Amino acid sequence: MKPLLEIRQITFTADNKSVLDNLNLIVQEGEIHALIGTNGTGKSTLARLIMGCEGYHANSGEIIFDQKQINKYSIQKRAALGISMVWQEPAYFEGISVRDYLHLNNQGNLAECLESVGLNADDYLLRMLDKTMSGGERKRIELASMLALRPRLCILDEPVSGIDLLSINNIISVIKQIQQQGSTVLLISHREEIASIADRASLLCGGKVVLTGTPEKVIRSYKSRSCNICDGHECNYVSI
Amino acid sequence: MSVFDKFRSLLNSVGENSKLLEDQNTAHIAVDGQVLLSEQSIPGVSIEIEQQTDLTIASITVASYTQVLNPVHLCFSMFQPIGRQNFRVHIILQPYAKVSFISHGLFTTVDTAKHIMDKTIEIGEGASLSFTDSHFHSQSGGIKVLSSAKIKVAKHGYYFSNFALTTGHVGKLKLDYSVEAEEHAVVELTSRIFGHANDTISMSEKVCLNGRFSHSVIKSRVALEGQATAVITGITEGCAEGARGHMDCLEIIKDKAVGQSIPVVKVSHPLAKVTHEAAIGTIDNKQLETLIVHGLSPEQATDLIVLGILR
């Protein structure tokens with residue numbers, strides 16, 4: 001495997017507070033890479049930096065995608081390279097149907113994509129993506145859109161938030177399906193059962209990746225509540 | 001080509017089927033300027049027209065317990081590039097009648113003109129009226145639309161109105177609707193307007209929830225670009241036990257456009273409740289970025305979001 005995404009020495013501050021501090025991360029092409037950490041460690045910030053969202057530009061360091069430095073690329077250009085993302089709390093849209101949404105630049109069968117995430121196409125294709133939809137339904141539509149879109153890198157920020165416990169296994173199988181379709185997945189989660197499906201995992205602490213390895217090893221460190229690795233006084237684990 | 005043929009062609013061009021004007025089961029009125037082109041009553045729906053020099057007056061009555069299958073069509077055009085159209089309509093729904101109206105303002109060839117529409121509507125007990133008012137304007141920006149309505153909804157009655165002006169330039173729009181709702185009546189007022197260039201939009205919608213457990217929603221969706229301006233006033237008065245009202249105004253602005261929302265909430269009964277929400281601003285960034293990561297350009301994403309709220 002070769003690296004698809006490399007984060008080199010990324011630093012990001014917001015409101016004069018360091019959020020990411022010389023962070024390094026390598027995501028290999030074709031893998032599911034879980035990024036684990038407690039709330040506030042900068043996981044979602046890193047996702048937005050990779051995607052190039054407005055207001056999220058690194059102070060220093062490099063983001064390398066497919067051997068290209070993309071720091072200065074707009075979100076549109078990054079999307080054109082094949083980077084896509086599911087937000088932790090997806091946006092709602094008035095007057096845009098599920099069918100319209102899944103049609104955007106898609107490569108898959110819409111009905112099959114919906115069925116994969118546990119939604120009946122007959123019931124949902126004409127539904128609007130507005131506030132009449134629950135958070136869980138909206139999140140499933142986003143995952144279905146990733147199945148339809150087939151990006152090269154799919155960033156999933158907390159993909160099971162808002163999903164009922166009984167459906168978590170379904171979402172896990174969808175994430176695996178996204179990978180099987182050829183996408184590399186950066187899976188951001190603080191839930192052990194989700195992170196455990198990854199091929200590799202990294203632990204984020206104090207704005208740094210402090211450990212990368214098998215999910216079992218990283219989760220063990222995460223659960224021990226002591227990273228013993230980072231040297232920062234803002235370590236999220238020793239302070240708990 | 002006769003005026004009537006031109007009228008039919010215009011109706012087809014906006015996605016309607018002009019054969020409705022020949023359908024024996026569809027009540028309609030078709031007016032060009034001040035000239036009555038066609039009208040038809042059907043069993044249960046009586047239409048009477050009185051024409052004065054510069055005013056057309058229509059009285060439409062839907063008989064008790066009549067459920068009208070096909071919408072009643074009110075079609076207006078102005079083929080003269082400069083002109084004035086003055087129309088007054090009085091609609092009465094007798095108790096438990098159920099009907100929908102579709103009004104077409106076909107002003108796609110107008111240069112400078114004024115369209116005045118004055119409606120009074122009485123919805124009887126348990127009756128239901130759905131009124132869709134769609135305008136199609138030219139790009140001239142020279143049309144003035146003055147539309148007013150006074151509506152009374154008797155107990156257990158239902159009134160739904162949907163005003164749309166999203167094709168062509170608005171010109172100047174002044175819309176003034178006022179609804180009184182009695183016990184258990186339900187009122188929904190929806191408007192969707194797209195202002196461009198120097199368009200000026202002034203809209204006031206008022207609902208008085210006078211009856212116990214009467215409900216209402218006023219929903220306004222406005223997109224503005226260029227130097228267009230809009231002042232959207234929503235007024236809801238809750239005056240009785242169990243009355244519930246909500247107002248929801250969303251305005252998206254671009255360029256140098258200016259949007260304003262004025263919600264007025266008045267509650268005079270301790271068991272009534274009225275709420276409102278308004279959002280005015282540019283396109284929501286999260287919505288925009290979500291569509292961009294799905295492969296749209298920022299311009300395509302903006303167009304889709306605007307189209308969505310006006311749909």
# chains A, B, ... in the order shown; residues from 1 in each chain; ligands from 1
$ interface_residues --of "chain A" --to "chain B" --cutoff "6 Å" --atoms "only C-alpha atoms" --output "NGL selection string"
:A and (76 or 79 or 84 or 91 or 94-96 or 105)
$ select_by_dssp --residues "range 80-296 of chain B" --states "strand (DSSP E)" --output "PyMOL selection string"
chain B and resi 82-93+98-107+112-123+128-137+143-153+158-167+172-181+186-195+200-209+215-224+229-238+244-253+258-267+273-281
$ closest_residue --among "B:Val265, B:Ile252, B:Pro95, B:Thr66" --to "Cys239 in chain B" --atoms "only C-alpha atoms"
B:Val265
$ residues_around --residues "range 50-62 of chain B" --least-positions-apart "2" --cutoff "7 Å" --atoms "only C-alpha atoms" --output "MDAnalysis selection string"
chainID B and resid 34 44:48 64 66 86:94 97
$ select_by_dssp --residues "range 121-307 of chain B" --states "helix (DSSP H, G or I)" --output "VMD selection string"
chain B and resid 285 to 292 298 to 307
$ write_last_selection --atoms "C-alpha atoms" --output "tab-separated table (two decimals), in the first residue's frame"
chain	number	residue	atom	x	y	z
B	285	ASN	CA	-21.73	27.97	4.40
B	286	LYS	CA	-22.26	24.43	5.61
B	287	GLN	CA	-24.94	23.86	2.96
B	288	LEU	CA	-22.64	25.30	0.32
B	289	GLU	CA	-19.66	23.18	1.34
B	290	THR	CA	-21.78	20.04	1.57
B	291	LEU	CA	-22.84	20.44	-2.06
B	292	ILE	CA	-19.31	21.33	-3.16
B	298	PRO	CA	-19.88	27.15	-5.71
B	299	GLU	CA	-22.13	28.76	-8.34
B	300	GLN	CA	-24.03	25.54	-9.02
B	301	ALA	CA	-24.37	24.93	-5.28
B	302	THR	CA	-25.73	28.45	-4.72
B	303	ASP	CA	-28.25	28.08	-7.55
B	304	LEU	CA	-29.44	24.73	-6.19
B	305	ILE	CA	-29.90	26.08	-2.67
B	306	VAL	CA	-31.83	29.12	-3.92
B	307	LEU	CA	-33.92	26.96	-6.23
$ decode --residues "range 144-218 of chain A" --atoms "C-alpha atoms" --output "short mmCIF file (atom, residue, chain, number, x, y, z; two decimals), in the first residue's frame"
data_model
loop_
_atom_site.label_atom_id
_atom_site.label_comp_id
_atom_site.auth_asym_id
_atom_site.auth_seq_id
_atom_site.Cartn_x
_atom_site.Cartn_y
_atom_site.Cartn_z
CA ALA A 144 -25.76 6.63 0.95
CA SER A 145 -24.41 9.64 -0.93
CA MET A 146 -20.86 8.43 -0.29
CA LEU A 147 -21.81 5.04 -1.72
CA ALA A 148 -23.16 6.82 -4.78
CA LEU A 149 -20.27 9.28 -5.06
CA ARG A 150 -17.40 6.79 -4.57
CA PRO A 151 -14.75 9.34 -3.55
CA ARG A 152 -11.07 8.42 -3.40
CA LEU A 153 -10.90 9.60 0.22
CA CYS A 154 -14.04 9.52 2.30
CA ILE A 155 -13.83 11.37 5.60
CA LEU A 156 -16.53 10.22 8.00
CA ASP A 157 -16.86 12.42 11.07
CA GLU A 158 -18.65 10.49 13.82
CA PRO A 159 -20.74 8.43 11.38
CA VAL A 160 -22.91 6.80 14.04
CA SER A 161 -23.88 9.91 15.99
CA GLY A 162 -27.67 10.13 15.84
CA ILE A 163 -27.94 6.48 14.79
CA ASP A 164 -29.91 4.17 17.07
CA LEU A 165 -27.98 1.40 18.81
CA LEU A 166 -29.78 -1.35 16.91
CA SER A 167 -28.59 0.05 13.60
CA ILE A 168 -24.92 0.47 14.37
CA ASN A 169 -24.01 -2.86 12.78
CA ASN A 170 -25.73 -1.72 9.59
CA ILE A 171 -23.64 1.45 9.55
CA ILE A 172 -20.48 -0.57 10.13
CA SER A 173 -21.29 -2.70 7.11
CA VAL A 174 -21.89 0.47 5.06
CA ILE A 175 -18.47 1.81 6.01
CA LYS A 176 -16.92 -1.48 4.93
CA GLN A 177 -18.91 -1.29 1.69
CA ILE A 178 -17.55 2.20 1.01
CA GLN A 179 -14.07 0.73 1.37
CA GLN A 180 -14.90 -2.28 -0.82
CA GLN A 181 -16.05 0.10 -3.55
CA GLY A 182 -12.51 1.44 -3.68
CA SER A 183 -12.60 4.40 -1.32
CA THR A 184 -10.05 5.04 1.39
CA VAL A 185 -11.85 5.89 4.62
CA LEU A 186 -10.71 8.24 7.37
CA LEU A 187 -13.04 7.26 10.16
CA ILE A 188 -13.33 9.75 12.99
CA SER A 189 -14.96 8.41 16.09
CA HIS A 190 -14.68 8.22 19.82
CA ARG A 191 -16.57 4.94 19.91
CA GLU A 192 -14.59 1.77 20.39
CA GLU A 193 -16.90 -0.53 18.41
CA ILE A 194 -16.65 1.75 15.39
CA ALA A 195 -12.91 2.27 15.55
CA SER A 196 -12.34 -1.46 15.91
CA ILE A 197 -13.43 -2.12 12.30
CA ALA A 198 -10.47 -0.11 10.98
CA ASP A 199 -7.37 -1.59 9.41
CA ARG A 200 -5.25 0.87 11.38
CA ALA A 201 -5.96 3.52 13.96
CA SER A 202 -4.37 6.66 15.37
CA LEU A 203 -4.89 8.24 18.76
CA LEU A 204 -5.16 12.01 18.91
CA CYS A 205 -4.19 13.77 22.11
CA GLY A 206 -3.28 17.36 22.87
CA GLY A 207 -3.46 18.25 19.18
CA LYS A 208 -1.01 15.53 18.19
CA VAL A 209 -1.21 11.99 16.90
CA VAL A 210 0.44 10.17 19.81
CA LEU A 211 0.03 6.61 18.63
CA THR A 212 -0.65 4.77 15.38
CA GLY A 213 -1.07 1.03 15.11
CA THR A 214 -3.62 -1.73 15.13
CA PRO A 215 -7.07 -0.70 16.35
CA GLU A 216 -6.70 -3.06 19.33
CA LYS A 217 -3.47 -1.43 20.48
CA VAL A 218 -4.74 2.12 19.98
#
